[in-house]
>>> print(open('upload-v3.txt').read())   # compact mmCIF, C-alpha atoms
# COMPACT_ATOMS: atom_id res chain seq x y z
CA MET L 1 -24.09 -52.18 29.90
CA ILE L 2 -21.89 -54.95 28.45
CA LYS L 3 -24.86 -57.29 28.01
CA PHE L 4 -26.92 -54.52 26.43
CA LEU L 5 -24.19 -53.62 23.92
CA SER L 6 -23.57 -57.28 23.12
CA ARG L 7 -27.17 -57.66 21.99
CA LEU L 8 -26.80 -54.98 19.33
CA PRO L 9 -26.73 -56.35 15.75
CA MET L 10 -23.28 -56.89 14.25
CA ARG L 11 -23.76 -54.05 11.76
CA ALA L 12 -24.24 -51.64 14.68
CA LEU L 13 -21.20 -53.02 16.49
CA TYR L 14 -19.09 -52.74 13.34
CA ALA L 15 -20.21 -49.13 13.02
CA LEU L 16 -18.96 -48.66 16.57
CA SER L 17 -15.72 -50.39 15.54
CA THR L 18 -15.23 -47.89 12.72
CA ILE L 19 -15.66 -44.99 15.15
CA LEU L 20 -13.17 -46.60 17.55
CA TYR L 21 -10.68 -47.01 14.71
CA LEU L 22 -10.94 -43.34 13.71
CA LEU L 23 -10.38 -42.30 17.31
CA ALA L 24 -7.51 -44.77 17.78
CA PHE L 25 -5.60 -43.72 14.66
CA TYR L 26 -6.34 -40.01 14.29
CA VAL L 27 -7.13 -38.78 17.81
CA VAL L 28 -5.79 -41.02 20.58
CA ARG L 29 -3.03 -42.45 18.35
CA HIS L 30 -3.22 -45.76 20.21
CA ARG L 31 0.32 -47.08 20.77
CA HIS L 32 1.22 -45.30 17.55
CA ARG L 33 4.96 -45.24 18.15
CA VAL L 34 5.15 -48.92 19.16
CA ILE L 35 3.22 -50.06 16.07
CA ARG L 36 5.20 -47.84 13.71
CA GLU L 37 8.60 -48.87 15.10
CA GLN L 38 7.79 -52.58 14.99
CA LEU L 39 6.53 -52.38 11.42
CA GLU L 40 9.73 -50.59 10.46
CA LYS L 41 11.78 -53.42 12.00
CA ALA L 42 9.77 -56.20 10.40
CA TYR L 43 9.28 -54.59 6.98
CA PRO L 44 12.28 -52.32 6.26
CA GLN L 45 11.83 -53.00 2.53
CA LEU L 46 8.38 -51.40 2.46
CA SER L 47 7.73 -47.72 1.89
CA ASP L 48 6.33 -45.50 4.64
CA ALA L 49 3.01 -45.45 2.79
CA GLU L 50 2.88 -49.27 2.64
CA ARG L 51 3.65 -49.62 6.33
CA ARG L 52 1.06 -46.96 7.11
CA ARG L 53 -1.56 -49.01 5.24
CA ILE L 54 -0.73 -52.08 7.36
CA HIS L 55 -0.85 -49.89 10.49
CA LYS L 56 -4.30 -48.57 9.64
CA GLN L 57 -5.69 -51.96 8.64
CA PHE L 58 -4.32 -53.50 11.83
CA LEU L 59 -6.19 -50.95 13.92
CA LYS L 60 -9.37 -51.54 11.93
CA ASN L 61 -9.06 -55.28 12.49
CA PHE L 62 -8.20 -54.82 16.16
CA CYS L 63 -11.28 -52.66 16.75
CA ASP L 64 -13.37 -55.32 14.97
CA VAL L 65 -11.94 -57.94 17.33
CA MET L 66 -12.88 -55.83 20.35
CA VAL L 67 -16.53 -55.53 19.30
CA GLU L 68 -16.59 -59.20 18.29
CA VAL L 69 -15.43 -60.17 21.78
CA LEU L 70 -18.18 -57.95 23.16
CA LYS L 71 -20.71 -59.71 20.90
CA SER L 72 -19.57 -63.11 22.17
CA VAL L 73 -21.19 -62.31 25.53
CA SER L 74 -24.62 -62.95 23.99
CA MET L 75 -23.90 -65.12 20.93
CA THR L 76 -25.48 -68.56 20.70
CA GLU L 77 -23.44 -71.70 20.13
CA ALA L 78 -24.78 -71.92 16.57
CA ASP L 79 -23.83 -68.29 15.84
CA MET L 80 -20.30 -68.77 17.11
CA SER L 81 -19.79 -71.99 15.17
CA ALA L 82 -21.04 -70.26 12.02
CA HIS L 83 -18.43 -67.52 12.41
CA VAL L 84 -15.49 -69.85 13.17
CA GLN L 85 -15.12 -72.75 10.75
CA ILE L 86 -12.56 -75.45 11.55
CA LEU L 87 -11.27 -77.07 8.37
CA ASN L 88 -9.62 -80.23 9.65
CA LEU L 89 -10.88 -81.32 13.06
CA GLU L 90 -9.73 -84.83 12.19
CA GLN L 91 -6.10 -83.77 12.78
CA ALA L 92 -6.88 -83.43 16.49
CA ARG L 93 -9.59 -86.03 16.82
CA ARG L 94 -7.42 -88.88 15.58
CA TYR L 95 -5.40 -88.49 18.77
CA LEU L 96 -8.34 -87.70 21.06
CA ASP L 97 -10.46 -90.57 19.78
CA ALA L 98 -7.56 -92.90 20.57
CA GLY L 99 -7.48 -91.66 24.17
CA GLN L 100 -4.52 -89.28 23.68
CA SER L 101 -4.75 -85.69 24.90
CA VAL L 102 -3.27 -82.99 22.65
CA MET L 103 -1.81 -79.51 22.92
CA PHE L 104 -2.92 -76.61 20.74
CA VAL L 105 -0.58 -73.64 20.34
CA THR L 106 -1.63 -70.46 18.59
CA SER L 107 -0.67 -66.79 18.28
CA HIS L 108 -2.27 -63.36 18.49
CA LEU L 109 -3.61 -63.42 14.95
CA CYS L 110 -7.16 -62.53 13.91
CA ASN L 111 -9.62 -63.11 16.78
CA TRP L 112 -7.88 -65.46 19.23
CA GLU L 113 -10.80 -65.14 21.67
CA TRP L 114 -13.28 -66.48 19.11
CA LEU L 115 -10.72 -69.16 18.24
CA LEU L 116 -11.02 -70.53 21.78
CA HIS L 117 -14.82 -70.46 21.58
CA GLY L 118 -14.95 -72.08 18.15
CA VAL L 119 -12.59 -74.90 19.05
CA THR L 120 -14.32 -75.53 22.39
CA LEU L 121 -17.72 -75.83 20.71
CA GLN L 122 -16.67 -78.02 17.80
CA LEU L 123 -13.88 -80.26 19.11
CA GLY L 124 -16.10 -82.66 21.02
CA TYR L 125 -13.62 -82.93 23.91
CA PRO L 126 -12.84 -80.69 26.92
CA VAL L 127 -10.50 -77.74 26.34
CA ASP L 128 -8.19 -76.38 29.06
CA ALA L 129 -6.79 -72.98 28.12
CA ALA L 130 -3.75 -71.43 29.79
CA TYR L 131 -4.02 -67.78 30.78
CA LYS L 132 -2.19 -65.13 32.77
CA PRO L 133 -4.26 -63.94 35.76
CA LEU L 134 -5.05 -60.22 35.82
CA HIS L 135 -4.28 -57.97 38.78
CA ASP L 136 -7.68 -56.26 38.69
CA GLN L 137 -10.21 -58.63 40.28
CA TRP L 138 -13.22 -57.23 38.37
CA ALA L 139 -11.41 -57.59 35.04
CA GLU L 140 -10.27 -61.10 36.06
CA ARG L 141 -13.82 -62.25 36.80
CA LEU L 142 -15.15 -60.73 33.59
CA MET L 143 -12.38 -62.28 31.47
CA LEU L 144 -12.92 -65.72 32.98
CA LYS L 145 -16.69 -65.49 32.49
CA VAL L 146 -16.42 -64.46 28.84
CA ARG L 147 -13.72 -66.97 27.90
CA SER L 148 -15.42 -69.89 29.62
CA ARG L 149 -19.04 -69.30 28.57
CA PHE L 150 -18.93 -72.01 25.89
CA GLY L 151 -17.25 -74.55 28.14
CA ALA L 152 -13.52 -73.82 28.06
CA ARG L 153 -11.74 -74.33 31.36
CA LEU L 154 -9.21 -71.61 32.20
CA VAL L 155 -6.01 -72.60 34.01
CA PRO L 156 -3.29 -70.17 35.17
CA ALA L 157 -0.28 -70.77 32.92
CA LYS L 158 2.09 -71.43 35.81
CA GLU L 159 -0.19 -74.19 37.10
CA LEU L 160 -0.77 -75.87 33.75
CA LEU L 161 1.63 -78.80 34.10
CA THR L 162 0.57 -79.58 37.67
CA ASP L 163 -3.08 -79.32 36.70
CA PHE L 164 -2.62 -81.64 33.73
CA LEU L 165 -0.85 -84.29 35.82
CA GLN L 166 -3.55 -84.13 38.49
CA ARG L 167 -6.23 -84.71 35.83
CA ARG L 168 -4.21 -86.98 33.57
CA GLY L 169 -7.09 -89.42 33.13
CA ILE L 170 -9.24 -86.85 31.31
CA VAL L 171 -8.72 -86.88 27.54
CA ARG L 172 -8.68 -83.24 26.48
CA ALA L 173 -6.98 -80.46 24.57
CA VAL L 174 -4.59 -78.08 26.31
CA ALA L 175 -4.43 -74.67 24.61
CA MET L 176 -1.69 -72.06 24.84
CA ASN L 177 -1.09 -68.72 23.11
CA ALA L 178 2.70 -68.71 22.94
CA ASP L 179 3.86 -65.73 20.87
CA GLN L 180 4.28 -63.24 23.70
CA ALA L 181 7.74 -62.16 24.85
CA PRO L 182 8.99 -64.10 27.91
CA VAL L 183 9.51 -61.97 30.99
CA SER L 184 13.03 -61.50 32.27
CA THR L 185 12.85 -64.43 34.71
CA ASP L 186 11.54 -66.99 32.20
CA LYS L 187 13.68 -69.43 30.28
CA ARG L 188 13.56 -68.63 26.59
CA TYR L 189 14.60 -69.72 23.14
CA TRP L 190 16.12 -67.23 20.72
CA THR L 191 15.52 -67.41 16.98
CA GLN L 192 15.03 -65.16 13.97
CA PHE L 193 11.41 -64.04 13.62
CA LEU L 194 10.37 -61.42 11.07
CA GLY L 195 14.05 -60.60 10.64
CA GLN L 196 14.61 -59.91 14.33
CA ASP L 197 16.35 -61.74 17.16
CA THR L 198 13.25 -62.88 19.06
CA ALA L 199 12.75 -64.72 22.34
CA PHE L 200 10.04 -67.35 22.62
CA TYR L 201 8.54 -69.18 25.56
CA ILE L 202 9.70 -72.77 25.82
CA GLY L 203 7.03 -73.76 28.32
CA ALA L 204 4.69 -75.28 25.73
CA GLU L 205 7.41 -77.57 24.39
CA GLN L 206 8.60 -78.52 27.87
CA ILE L 207 5.09 -79.46 29.02
CA ALA L 208 4.40 -81.39 25.81
CA ARG L 209 7.66 -83.36 26.09
CA ALA L 210 7.09 -84.10 29.77
CA THR L 211 3.56 -85.41 29.10
CA ARG L 212 4.06 -86.74 25.53
CA LEU L 213 1.34 -84.46 24.17
CA PRO L 214 1.20 -84.09 20.38
CA ILE L 215 1.33 -80.40 19.42
CA LEU L 216 -0.86 -78.79 16.76
CA TYR L 217 -0.59 -75.16 15.66
CA ALA L 218 -4.03 -73.56 15.28
CA ALA L 219 -3.74 -71.19 12.32
CA MET L 220 -6.61 -68.70 12.09
CA ARG L 221 -7.41 -66.74 8.94
CA ARG L 222 -9.88 -63.91 8.35
CA MET L 223 -12.12 -64.79 5.40
CA ARG L 224 -14.26 -61.66 5.59
CA ARG L 225 -15.45 -59.34 8.30
CA GLY L 226 -16.53 -61.46 11.24
CA PHE L 227 -15.85 -64.84 9.64
CA TYR L 228 -12.75 -66.96 10.20
CA GLU L 229 -11.26 -70.31 9.22
CA VAL L 230 -9.04 -72.44 11.44
CA GLU L 231 -6.55 -75.06 10.28
CA PHE L 232 -4.61 -77.39 12.58
CA ILE L 233 -0.97 -77.78 11.52
CA PRO L 234 0.97 -80.68 13.13
CA LEU L 235 4.21 -79.62 14.84
CA TRP L 236 5.13 -82.71 16.90
CA ASP L 237 3.50 -86.13 17.26
CA GLY L 238 4.48 -86.71 20.88
CA ARG L 239 6.93 -89.51 20.01
CA GLU L 240 9.42 -88.08 17.50
CA ARG L 241 12.97 -87.74 18.79
CA SER L 242 14.12 -84.20 18.12
CA PRO L 243 16.63 -81.77 19.66
CA PRO L 244 15.58 -79.46 22.49
CA ASN L 245 13.78 -76.32 21.30
CA SER L 246 13.16 -77.79 17.84
CA VAL L 247 9.40 -77.80 18.41
CA THR L 248 9.51 -74.18 19.56
CA GLU L 249 11.40 -73.38 16.35
CA ARG L 250 8.66 -75.05 14.32
CA TYR L 251 6.10 -72.98 16.19
CA ALA L 252 8.00 -69.77 15.40
CA ARG L 253 8.10 -70.67 11.70
CA ALA L 254 4.38 -71.50 11.61
CA CYS L 255 3.55 -68.22 13.29
CA GLU L 256 5.86 -66.27 10.98
CA ILE L 257 4.20 -67.74 7.88
CA GLU L 258 0.81 -66.60 9.13
CA VAL L 259 2.03 -63.07 9.93
CA LEU L 260 3.68 -62.69 6.53
CA GLU L 261 0.52 -63.86 4.78
CA SER L 262 -1.71 -61.40 6.65
CA PRO L 263 0.39 -58.81 8.52
CA ALA L 264 -2.56 -56.61 9.49
CA ASP L 265 -4.05 -59.46 11.54
CA TRP L 266 -1.15 -59.73 14.02
CA LEU L 267 -1.07 -57.85 17.33
CA TRP L 268 1.39 -55.07 16.45
CA SER L 269 0.41 -52.96 19.46
CA TYR L 270 2.14 -55.45 21.76
CA ARG L 271 5.84 -54.63 22.24
CA ARG L 272 7.24 -57.93 20.91
CA TRP L 273 10.94 -57.06 20.80
CA ARG L 274 11.42 -55.43 24.17
CA LEU L 275 13.96 -58.11 25.17
CA LYS L 276 17.44 -57.95 23.67
CA LYS L 277 19.45 -61.05 22.89
CA PRO L 278 22.58 -61.30 25.05
CA LEU L 279 25.84 -60.77 23.24
CA TYR L 280 27.47 -63.87 24.68
CA GLY L 281 25.76 -67.22 25.00
CA ALA L 282 22.12 -67.77 25.80
CA ASP L 283 20.00 -66.96 28.84
>>> encode(input="upload-v3.txt", output="structure tokens")
Amino acid sequence: MIKFLSRLPMRALYALSTILYLLAFYVVRHRHRVIREQLEKAYPQLSDAERRRIHKQFLKNFCDVMVEVLKSVSMTEADMSAHVQILNLEQARRYLDAGQSVMFVTSHLCNWEWLLHGVTLQLGYPVDAAYKPLHDQWAERLMLKVRSRFGARLVPAKELLTDFLQRRGIVRAVAMNADQAPVSTDKRYWTQFLGQDTAFYIGAEQIARATRLPILYAAMRRMRRGFYEVEFIPLWDGRERSPPNSVTERYARACEIEVLESPADWLWSYRRWRLKKPLYGAD
């Protein structure tokens, strides 16, 4: 069924996306309370009508992303590269061509699944992408198959550092999506993000510092329906002396800029501020 649906033309899949949006907003009310409350926190200065417009556009975009991921099951390499244009590959290749692996960090903006495919196809070097294994074995196999079909290599996030050290001789890019909330047992860095006390993973910075990997933020922007641009923004060159967590702070700022420029493209249905900053000290 998945393969059959993926072979439908994009116009048919976008028609399906529109139906899914109508169901999500007006019938099922998909995570309606979570989205509304988070928009109220991030944009208290906006009117209810303005926040409602962002809410609706987010769901439209999210449904588009779902059918685009479905389409990726049968897309050719040329089709995928045509839909994801990378503006400045030279930012990454200047390290890779010199024999230096790099780290890409990104966020849940636009179509992060197509971002992985587009970068993997166009970079010219192997891409190892960190992921969190799923509990459902069928969903795990399907996710790995879809994400790796253009050559990306998926590595469980907790094994990323060990895996990199074991394969240190391979020049490659290591990719992480780092804007999710750390779980209660993870070390975290607290900063202001969209006006809220927000915890960020520090794993990306720790791995990069331990392995001297330059870090580039992959900013993705929706140009029109189904077409995206990617720009690599340098965060750390692998040698600069800087205080602990400063690179994570730069990541937070880069992510915040992208969300503010296109709020409907961020993943508002994910409960980002479920963790509360401790009153005394850090944790």
>>> closest_residue(input="upload-v3.txt", among="L:Trp266, L:Phe200, L:Phe227, L:Phe150", to="L:Leu39", atoms="all atoms listed in the file")
L:Trp266
>>> residues_around(input="upload-v3.txt", residues="stretch 211-224 of chain L", least_positions_apart="5", cutoff="6 Å", atoms="all atoms listed in the file", output="PyMOL selection string")
chain L and resi 102-106+229-238
>>> closest_residue(input="upload-v3.txt", among="L:Arg51, L:Lys187, L:Lys145, L:His108", to="L:Val65", atoms="only C-alpha atoms")
L:His108
>>> atom_distance(input="upload-v3.txt", atom1="atom CA of L:Leu123", atom2="atom CA of L:Val73")
20.4 Å
>>> atom_distance(input="upload-v3.txt", atom1="atom CA of L:Tyr21", atom2="atom CA of L:Cys63")
6.0 Å
>>> decode(input="upload-v3.txt", residues="stretch 168-180 of chain L", atoms="all heavy atoms", output="short mmCIF file (atom, residue, chain, number, x, y, z; two decimals), in the first residue's frame")
data_model
loop_
_atom_site.label_atom_id
_atom_site.label_comp_id
_atom_site.auth_asym_id
_atom_site.auth_seq_id
_atom_site.Cartn_x
_atom_site.Cartn_y
_atom_site.Cartn_z
N ARG L 168 36.88 6.17 12.66
CA ARG L 168 37.49 7.50 12.58
C ARG L 168 38.17 7.75 11.24
O ARG L 168 38.24 8.89 10.76
CB ARG L 168 38.52 7.65 13.72
CG ARG L 168 39.17 9.03 13.76
CD ARG L 168 40.26 9.07 14.81
NE ARG L 168 39.74 9.09 16.15
CZ ARG L 168 39.39 10.20 16.80
NH1 ARG L 168 39.50 11.37 16.21
NH2 ARG L 168 38.93 10.14 18.03
N GLY L 169 38.66 6.71 10.59
CA GLY L 169 39.39 6.90 9.35
C GLY L 169 38.52 7.25 8.15
O GLY L 169 39.04 7.59 7.09
N ILE L 170 37.20 7.18 8.30
CA ILE L 170 36.29 7.48 7.19
C ILE L 170 35.88 8.94 7.27
O ILE L 170 35.28 9.38 8.25
CB ILE L 170 35.04 6.57 7.25
CG1 ILE L 170 35.45 5.10 7.16
CG2 ILE L 170 34.08 6.93 6.12
CD1 ILE L 170 34.31 4.13 7.35
N VAL L 171 36.21 9.70 6.24
CA VAL L 171 35.83 11.11 6.19
C VAL L 171 34.34 11.18 5.85
O VAL L 171 33.90 10.65 4.81
CB VAL L 171 36.65 11.88 5.14
CG1 VAL L 171 36.19 13.33 5.05
CG2 VAL L 171 38.13 11.80 5.49
N ARG L 172 33.56 11.83 6.71
CA ARG L 172 32.12 11.82 6.52
C ARG L 172 31.47 12.97 7.27
O ARG L 172 32.13 13.71 8.01
CB ARG L 172 31.54 10.50 7.01
CG ARG L 172 31.73 10.24 8.52
CD ARG L 172 31.51 8.76 8.78
NE ARG L 172 31.49 8.39 10.18
CZ ARG L 172 32.57 8.10 10.89
NH1 ARG L 172 33.76 8.22 10.35
NH2 ARG L 172 32.46 7.72 12.16
N ALA L 173 30.16 13.09 7.08
CA ALA L 173 29.36 14.03 7.85
C ALA L 173 28.54 13.26 8.87
O ALA L 173 27.98 12.20 8.56
CB ALA L 173 28.44 14.83 6.93
N VAL L 174 28.49 13.79 10.07
CA VAL L 174 27.65 13.24 11.14
C VAL L 174 26.49 14.21 11.34
O VAL L 174 26.72 15.41 11.55
CB VAL L 174 28.45 13.07 12.44
CG1 VAL L 174 27.54 12.59 13.56
CG2 VAL L 174 29.61 12.12 12.24
N ALA L 175 25.26 13.72 11.24
CA ALA L 175 24.08 14.59 11.28
C ALA L 175 23.24 14.32 12.52
O ALA L 175 23.00 13.16 12.87
CB ALA L 175 23.23 14.39 10.02
N MET L 176 22.80 15.42 13.16
CA MET L 176 21.96 15.30 14.35
C MET L 176 20.85 16.34 14.31
O MET L 176 21.08 17.49 13.93
CB MET L 176 22.78 15.51 15.63
CG MET L 176 23.90 14.52 15.84
SD MET L 176 24.77 14.79 17.42
CE MET L 176 23.50 14.27 18.58
N ASN L 177 19.64 15.94 14.69
CA ASN L 177 18.53 16.86 14.86
C ASN L 177 18.41 17.12 16.35
O ASN L 177 18.02 16.24 17.11
CB ASN L 177 17.24 16.26 14.30
CG ASN L 177 16.20 17.31 14.00
OD1 ASN L 177 16.10 18.30 14.72
ND2 ASN L 177 15.40 17.10 12.98
N ALA L 178 18.76 18.34 16.78
CA ALA L 178 19.05 18.57 18.21
C ALA L 178 18.09 19.52 18.92
O ALA L 178 18.43 20.07 19.96
CB ALA L 178 20.47 19.10 18.35
N ASP L 179 16.88 19.73 18.38
CA ASP L 179 16.00 20.70 19.03
C ASP L 179 14.93 20.05 19.90
O ASP L 179 14.02 20.73 20.38
CB ASP L 179 15.34 21.61 17.98
CG ASP L 179 14.43 20.87 17.03
OD1 ASP L 179 14.58 19.63 16.87
OD2 ASP L 179 13.56 21.51 16.41
N GLN L 180 15.00 18.74 20.11
CA GLN L 180 14.04 18.10 20.99
C GLN L 180 14.41 18.34 22.45
O GLN L 180 15.56 18.63 22.78
CB GLN L 180 13.98 16.60 20.70
CG GLN L 180 13.39 16.27 19.34
CD GLN L 180 13.40 14.78 19.07
OE1 GLN L 180 14.45 14.16 19.04
NE2 GLN L 180 12.23 14.21 18.88
#
